[in-house]
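Worksheet: the structure to be examined is printed underneath.
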Amino acid sequence: MFRNFKQMIMAAAILLAAASSCAKDKKPSWTPNDFKGGDMELVPVDGKIHTYAPKLYYSIYEYCREAEKNVNAAINMTEAEWKRTIDFVADNLLPYGYDMIVTDGFMAMTSDNSEESRGYMTHYGENKLTRLVEMCAERGLKLGIYDNPLWIHGDDNYYVYGTGTKLGSLKYNSSDKVGKPESKDSFPWAVPSHKGCREFIDGFFKYYKSLGVDYIRMDFMCLFETGDGAGVMPNKCYGREEYKLALDYICESAQRYGVFTSIVMPNLTNCGELELQKVNEFRFSADTFDGGWGHVSSWDWGGINRWDRVNGWWPSSANIFDGFVFWSQFTGPDTAMPDGDFIRLNTLTDDECMTEITIDIVAGAGLKPTDRPEMIGDKLKYLQNEKVLEILKQHCICKPLSHDINDVKSQIWHGVMPDGDHIVAYFNRGDDWAERKATFAELGINAQQVEVHNLWWEYLNNKNESDGLKTESEFAFWIPPHGVKLMRLKLR
């Protein structure tokens, strides 16, 4: 994503140039006469999209973020760097279920305007997407893509596949009712209500599926809807109705082709009433940036209480812990999954690493590490705890004992595995040792005895034994600063 204004302007210029260059000199790569029957007919789907488990994947975000700090240099990953990254993921993470590498937005995203591309993105930086897909597949991995089905990468004079509509006609015109007509768009948006836009969005998902891509991360949605929420980046503000129509089309086509949709920087108006139902994953927190404990827990602790739950804005929380507590009221197996952005373990202490991974997993958010191979060091082991990963893979969604961020009970999370075992995570967001305790009744436990397994301790000490049988009616633990105790309880 674009975290630096100068970088954003450069990247936006590339997007706009790719969309409009040589429009008067090129002939369309297809015409309506190429398709029998005129405009294509899209068959409706049932809308049941929440059928996925949380994702385990690696993001190239940290590489891009560090490169971005050199603002005078164009960001790019060579094929050799891609190979090094792919090999690292295949050797160290794939055996544990991390089966995908996902791009981000820092690099140029362009189309070669070929017959095959239909005006959609073909190159990420200097690399062809087909080559990146091929390189990943050689090591048993998939490629996930950062792109937006409302961004027009192709030549204005080309036609939307299967229609008589030119790409240029999908863009803003003076008859569109927008909130900020004097602003210039930072991105070449397609307007959902324009003729051919539904087909354009459908072609987007069909195109990526044909490449072997089934994960799309869609950014800057707050800019499209309200024209703000991303610093000083201008946009015209297309409004709630256009935004809803876009999500309707995205939901329809993503389901049609079996593509997982992750939405980034949404306003989450009315507590995410649209996003929770129309996409598979939604991001609520501020960007990871340089990582650290701030992103996990301390940035603007409690700030979500100032977020406008009716009118929304981006982000709803600065740190991920606040956001996971709040959004746990609304998320579940029949809604979109929460997304706390990427994990930079090399910026955390050992206790903080365990806390970061645990809160992501118990909240049902998946894991998205981004540490570069040369930076992660011995923190790699925290991504390989199969006892902990099993919670995610079986999609055990836990909830805090309180949704009040200032209540210490919001730092105790509980859920039940498919086999009936109970998962309990005791967190300490504070800077000093602290006691955390919960009664059997609070945890919904009705048993005479409980066999206790400390999942991080067992893994780090290479043990497969319990802490013994618990017969009291309360669990109480002292937790180190920024630490966690993650328990699996077997009822007797």
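By order of appearance in the structure tokens: chains A, B, ..., then residues from 1 within every chain, and ligands from 1 in the order shown.
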Exercise for the section: List the neighbours of region 360-372 of chain A out to 7 Å using only C-alpha atoms; skip same-chain residues closer than 3 positions along the sequence, and give me the result as a ChimeraX atom specification. Expected result: /A:54-63,324,337-339,342-346,356-357,375-376,392,395,397-399
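Look at Asp404 (chain A): the protein and nucleic acid residues within 12 Å of it, using only C-alpha atoms and passing over chain neighbours fewer than 4 places away, are Trp301, Gly302, Ile304, Asn305, Phe321, Asp322, Gly323, Phe324, Val325, Phe326, Trp327, Ser328, Gln329, Pro400, Val408, Lys409, Ser410, Gln411 and Ile412 of chain A.
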Practice task
Please identify which residues in region 205-287 of chain A DSSP calls helix (DSSP H, G or I) from the backbone, and express them as a ChimeraX atom specification.
Solution key: /A:205-211,221-226,239-257,269-272,275-278
Handout entry: Long-range neighbours of Phe427 (chain A) as a PyMOL selection string, 8 Å cut-off, only C-alpha atoms, 3 positions minimum in chain
Key = chain A and resi 355+411-412+436+479+482-485
Practice task
Find the residue from A:Ala318, A:Ile391, A:Val296, A:Met135 that sits nearest to Glu352 (chain A); use only C-alpha atoms when measuring.
Solution key: A:Val296
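Checking A:Ile216, A:Thr103, A:Gly312, A:Ser285 one by one against Arg240 (chain A), counting only C-alpha atoms, you find the shortest gap at A:Gly312.
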Problem - Shell of 9 Å around Trp189 (chain A), only C-alpha atoms, local chain residues under 6 positions omitted, as number ranges by chain - result: A: 149-152, 170-172, 224
Fill in the blank from the handout: Using only C-alpha atoms, the shortest atom-to-atom distance to Gly168 (chain A) among A:Gly415, A:Val191, A:Ala73, A:Asp185 belongs to A:Val191
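Across the structure, CA of Ser175 (chain A) and CA of Asp248 (chain A) are spaced 22.5 Å apart.
If you measure from each of A:Cys222, A:Leu268, A:Leu141, A:Ile201 to Ser253 (chain A) using only C-alpha atoms, the closest one turns out to be A:Ile201.
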Problem - Distance in Å - CA of Val43 (chain A) versus CA of Gly332 (chain A) - result: 28.6 Å
Please list as an mmCIF file with N, CA and C atoms, in the first residue's frame every residue within 10 Å of Arg217 (chain A), counting only C-alpha atoms and excluding residues in the same chain fewer than 4 positions away.
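So the final result, stored in around-v8.cif, reads:
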```
data_model
loop_
_atom_site.group_PDB
_atom_site.id
_atom_site.type_symbol
_atom_site.label_atom_id
_atom_site.label_comp_id
_atom_site.auth_asym_id
_atom_site.auth_seq_id
_atom_site.Cartn_x
_atom_site.Cartn_y
_atom_site.Cartn_z
ATOM 1 N N VAL A 102 1.588 -12.719 -1.276
ATOM 2 C CA VAL A 102 0.685 -11.685 -1.753
ATOM 3 C C VAL A 102 1.450 -10.396 -2.028
ATOM 4 N N THR A 103 1.164 -9.777 -3.160
ATOM 5 C CA THR A 103 1.785 -8.504 -3.531
ATOM 6 C C THR A 103 1.185 -7.371 -2.697
ATOM 7 N N ASP A 104 1.783 -6.188 -2.799
ATOM 8 C CA ASP A 104 1.220 -5.001 -2.173
ATOM 9 C C ASP A 104 1.275 -3.867 -3.186
ATOM 10 N N GLY A 105 0.915 -2.644 -2.775
ATOM 11 C CA GLY A 105 0.669 -1.607 -3.770
ATOM 12 C C GLY A 105 1.801 -0.677 -4.107
ATOM 13 N N GLY A 144 -1.138 -14.267 -4.488
ATOM 14 C CA GLY A 144 -2.276 -13.406 -4.198
ATOM 15 C C GLY A 144 -1.984 -12.009 -4.716
ATOM 16 N N ILE A 145 -3.021 -11.254 -5.057
ATOM 17 C CA ILE A 145 -2.831 -9.976 -5.748
ATOM 18 C C ILE A 145 -3.460 -8.813 -4.992
ATOM 19 N N TYR A 146 -2.695 -7.739 -4.882
ATOM 20 C CA TYR A 146 -3.190 -6.443 -4.434
ATOM 21 C C TYR A 146 -3.633 -5.680 -5.681
ATOM 22 N N ASP A 147 -4.918 -5.466 -5.814
ATOM 23 C CA ASP A 147 -5.485 -4.720 -6.934
ATOM 24 C C ASP A 147 -6.912 -4.383 -6.548
ATOM 25 N N ASN A 148 -7.555 -3.559 -7.316
ATOM 26 C CA ASN A 148 -8.924 -3.158 -7.013
ATOM 27 C C ASN A 148 -9.755 -3.284 -8.282
ATOM 28 N N PRO A 149 -10.894 -3.994 -8.223
ATOM 29 C CA PRO A 149 -11.710 -4.165 -9.429
ATOM 30 C C PRO A 149 -12.331 -2.870 -9.937
ATOM 31 N N PHE A 260 -11.354 -15.210 -3.160
ATOM 32 C CA PHE A 260 -11.448 -14.652 -1.808
ATOM 33 C C PHE A 260 -11.188 -13.150 -1.890
ATOM 34 N N THR A 261 -12.075 -12.345 -1.291
ATOM 35 C CA THR A 261 -11.944 -10.896 -1.355
ATOM 36 C C THR A 261 -11.598 -10.316 0.012
ATOM 37 N N SER A 262 -10.554 -9.498 0.034
ATOM 38 C CA SER A 262 -10.116 -8.815 1.248
ATOM 39 C C SER A 262 -10.186 -7.315 0.990
ATOM 40 N N ILE A 263 -10.955 -6.595 1.801
ATOM 41 C CA ILE A 263 -11.144 -5.170 1.578
ATOM 42 C C ILE A 263 -10.319 -4.373 2.586
ATOM 43 N N VAL A 264 -9.625 -3.364 2.098
ATOM 44 C CA VAL A 264 -8.704 -2.580 2.914
ATOM 45 C C VAL A 264 -9.140 -1.112 2.917
ATOM 46 N N GLU A 281 -13.148 -10.651 3.961
ATOM 47 C CA GLU A 281 -12.230 -10.163 4.990
ATOM 48 C C GLU A 281 -12.224 -8.634 4.948
ATOM 49 N N PHE A 282 -12.194 -7.991 6.104
ATOM 50 C CA PHE A 282 -12.163 -6.531 6.142
ATOM 51 C C PHE A 282 -11.085 -6.074 7.123
#
```
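Closest approach to Ala53 (chain A) among A:Thr335, A:Leu348, A:Val416, A:Phe477: A:Thr335, based on only C-alpha atoms.
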Just the residues within 8 Å of Phe440 (chain A), please, counting only C-alpha atoms, with nothing from its chain fewer than 3 positions along; format it as a PDB file with N, CA, C and O atoms, in the first residue's frame.
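File part_2.pdb, as written:
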```pdb
ATOM      1  N   LEU A 443     -16.211 -19.165  31.626  1.00  0.00           N
ATOM      2  CA  LEU A 443     -15.686 -19.839  30.440  1.00  0.00           C
ATOM      3  C   LEU A 443     -16.662 -20.883  29.882  1.00  0.00           C
ATOM      4  O   LEU A 443     -16.355 -21.532  28.882  1.00  0.00           O
ATOM      5  N   GLY A 444     -17.814 -21.035  30.524  1.00  0.00           N
ATOM      6  CA  GLY A 444     -18.791 -22.007  30.050  1.00  0.00           C
ATOM      7  C   GLY A 444     -18.362 -23.442  30.267  1.00  0.00           C
ATOM      8  O   GLY A 444     -18.784 -24.348  29.531  1.00  0.00           O
ATOM      9  N   ILE A 445     -17.522 -23.675  31.256  1.00  0.00           N
ATOM     10  CA  ILE A 445     -17.015 -25.018  31.534  1.00  0.00           C
ATOM     11  C   ILE A 445     -17.870 -25.680  32.605  1.00  0.00           C
ATOM     12  O   ILE A 445     -18.071 -25.130  33.696  1.00  0.00           O
ATOM     13  N   ASN A 446     -18.352 -26.860  32.294  1.00  0.00           N
ATOM     14  CA  ASN A 446     -19.134 -27.651  33.242  1.00  0.00           C
ATOM     15  C   ASN A 446     -18.509 -29.033  33.329  1.00  0.00           C
ATOM     16  O   ASN A 446     -18.860 -29.943  32.579  1.00  0.00           O
ATOM     17  N   SER A 473     -12.495 -24.243  40.609  1.00  0.00           N
ATOM     18  CA  SER A 473     -13.495 -23.654  39.709  1.00  0.00           C
ATOM     19  C   SER A 473     -13.043 -22.325  39.131  1.00  0.00           C
ATOM     20  O   SER A 473     -13.861 -21.557  38.623  1.00  0.00           O
ATOM     21  N   GLU A 474     -11.729 -22.042  39.172  1.00  0.00           N
ATOM     22  CA  GLU A 474     -11.220 -20.783  38.650  1.00  0.00           C
ATOM     23  C   GLU A 474      -9.795 -20.966  38.154  1.00  0.00           C
ATOM     24  O   GLU A 474      -9.012 -21.700  38.749  1.00  0.00           O
ATOM     25  N   PHE A 475      -9.485 -20.303  37.041  1.00  0.00           N
ATOM     26  CA  PHE A 475      -8.106 -20.249  36.546  1.00  0.00           C
ATOM     27  C   PHE A 475      -7.539 -18.873  36.871  1.00  0.00           C
ATOM     28  O   PHE A 475      -8.177 -17.850  36.589  1.00  0.00           O
TER      29      PHE A 475
END
```
Problem - Minimum-distance residue to Cys136 (chain A), chosen among A:Val45, A:Val424, A:Met100, A:Leu245 (using only C-alpha atoms) - result: A:Met100
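The strand (DSSP E) portion of region 98-277 of chain A consists of A:Met100, A:Ile101, A:Val102, A:Met109, A:Thr110, A:His123, A:Tyr124, A:Asn127, A:Lys128, A:Lys142, A:Leu143, A:Gly144, A:Ile145, A:Tyr146, A:Tyr215, A:Ile216, A:Arg217, A:Met218, A:Phe260, A:Thr261, A:Ser262, A:Ile263, with states taken from DSSP on the backbone.
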Please dump the current selection as a PDB file, in the first residue's frame; keep C-alpha atoms.
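Dumped everything to selection_23.pdb:
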```
ATOM      1  CA  MET A 100       0.484 -18.055  -0.700  1.00  0.00           C
ATOM      2  CA  ILE A 101       2.597 -14.946  -1.300  1.00  0.00           C
ATOM      3  CA  VAL A 102       0.685 -11.685  -1.753  1.00  0.00           C
ATOM      4  CA  MET A 109       0.767  -1.768 -11.571  1.00  0.00           C
ATOM      5  CA  THR A 110       0.410  -1.657 -15.359  1.00  0.00           C
ATOM      6  CA  HIS A 123       2.836  -6.351 -14.645  1.00  0.00           C
ATOM      7  CA  TYR A 124       3.721  -5.698 -11.029  1.00  0.00           C
ATOM      8  CA  ASN A 127       7.651  -8.574 -13.403  1.00  0.00           C
ATOM      9  CA  LYS A 128       4.895 -10.179 -15.448  1.00  0.00           C
ATOM     10  CA  LYS A 142      -0.026 -19.515  -5.010  1.00  0.00           C
ATOM     11  CA  LEU A 143       0.182 -15.821  -5.812  1.00  0.00           C
ATOM     12  CA  GLY A 144      -2.276 -13.406  -4.198  1.00  0.00           C
ATOM     13  CA  ILE A 145      -2.831  -9.976  -5.748  1.00  0.00           C
ATOM     14  CA  TYR A 146      -3.190  -6.443  -4.434  1.00  0.00           C
ATOM     15  CA  TYR A 215      -7.087 -13.986  -3.468  1.00  0.00           C
ATOM     16  CA  ILE A 216      -7.574 -10.258  -4.115  1.00  0.00           C
ATOM     17  CA  ARG A 217      -6.704  -7.485  -1.628  1.00  0.00           C
ATOM     18  CA  MET A 218      -8.680  -4.328  -2.521  1.00  0.00           C
ATOM     19  CA  PHE A 260     -11.448 -14.652  -1.808  1.00  0.00           C
ATOM     20  CA  THR A 261     -11.944 -10.896  -1.355  1.00  0.00           C
ATOM     21  CA  SER A 262     -10.116  -8.815   1.248  1.00  0.00           C
ATOM     22  CA  ILE A 263     -11.144  -5.170   1.578  1.00  0.00           C
TER      23      ILE A 263
END
```
Handout entry: CA of Pro333 (chain A) to CA of Gln394 (chain A), distance in Å rounded to a single decimal
Key = 11.6 Å
